[in-house]
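To start, the structure itself, in structure tokens.
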Amino acid sequence: MGIKDLKLNDMLLDAVADINGDDRDFRMAVFFIVFNPLFWNIVAQVEYKTHFLTRLAGGARRGCYALAFVIFSLGLVRDYYFSRALKNQVTTAWLDQDAVRYAGAGLFVFGQVLVLSSMWRLGVTGTYLGDYFGILMEDRVTSFPFNVSDNPMYQGSTLTFLGTSLYYGKAAGVFAALLVNLMYTMALKLEEPFTAMIYAKRDEERAQKAK
Ligand SMILES: *[C@@H]1O[C@H](CO)[C@@H](O)[C@H](O)[C@H]1NC(C)=O
């Protein structure tokens with residue numbers, strides 16, 4: 001190992017040592033980062049199989065809006081604990097510099113652009129699992145932000161967490177951002193095949209009708 005590697009190792013160890021795992025707000029943030037995607041995937045699967053939300057709300061669209069409201073609220077709770085945790089956590093010395101702050105601010109802004117433009121393009125039902133309710137988009141959206149990111153909602157959200165954490169120089173936040181990324185990667189493993197299946201089904205049905 002060269003001098004450079006040793007130094008990088010020390011920097012990583014320093015950052016990890018700065019994470020206070022006993023902090024209650026940090027634990028709550030971690031809990032909601034893990035819980036939220038599990039929650040919406042399970043609810044959406046049950047909705048697809050039983051249409052319980054459609055029946056409860058009296059319509060697919062209303063059911064989807066209700067789920068969107070719950071998911072959005074859970075996101076706010078997660079963000080609340082995350083921002084409290086950032087305040088409690090130690091600032092890592094080598095992250096506490098202007099270059100890191102600029103990079104953090106840039107990632108935050110880019111992440112928000114991805115999230116907001118994605119929502120703008122997809123609308124509420126496109127953003128919040130409408131396909132599980134049988135609400136499908138006419139065509140796959142390929143314009144910005146979908147020409148720079150496969151999953152602008154998830155990638156943008158991850159970048160927002162990472163950017164905020166770097167801006168404040170908090171290793172605990174960077175850890176949380178990595179966890180967000182892991183959870184979204186797992187969520188996509190469930191959601192992408194489902195979405196592909198449901199659109200393939202529709203196209204098949206349309207082809208049948210056209211015959
Ligand atoms: C993505 O599309 C936007 C317009 O919607 C365009 O300005 C931008 O250059 C495109 N980016 C890439 C990487 O194709």
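So you can find residues: chains in the structure tokens are A, B, ... in the order shown, residues in each start at 1, and ligands are numbered from 1 in order.
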**Message:** Please return as a PyMOL selection string the residues found within 6 Å of ligand 1, counting only C-alpha atoms and all ligand atoms.
**Reply:** chain A and resi 143-144+147-148
Hey, which bits of segment 44-136 of chain A sit within 8 Å of segment 35-38 of chain A, and for each residue what's the closest pair of atoms and how far apart in Å (one decimal), counting only C-alpha atoms, rows by chain and increasing number, as a Markdown table?
| residue | atom | partner | partner_atom | distance |
| --- | --- | --- | --- | --- |
| A:Ile71 | CA | A:Asn36 | CA | 7.3 |
| A:Leu74 | CA | A:Asn36 | CA | 6.7 |
| A:Gly75 | CA | A:Asn36 | CA | 7.4 |
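Once Gly156 of chain A and its same-chain neighbours fewer than 5 positions away are set aside, Leu107, Phe108, Phe110, Gly111, Gln112, Val113, Leu114, Val115, Leu116, Ser149, Asn151 and Phe161 of chain A remain within 9 Å of it when counting only C-alpha atoms.
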**Asked** Any idea what's packed within 10 Å of segment 7-23 of chain A, counting only C-alpha atoms, ignoring anything in its chain fewer than 6 positions away? Could you give it as a list of chain:residue names?
**Response** A:Val30, A:Arg84, A:Ala85, A:Asn88, A:Gln89, A:Val90, A:Thr91, A:Thr92, A:Ala93, A:Trp94, A:Leu95, A:Gly169, A:Lys170, A:Ala171, A:Ala172, A:Gly173, A:Val174, A:Phe175
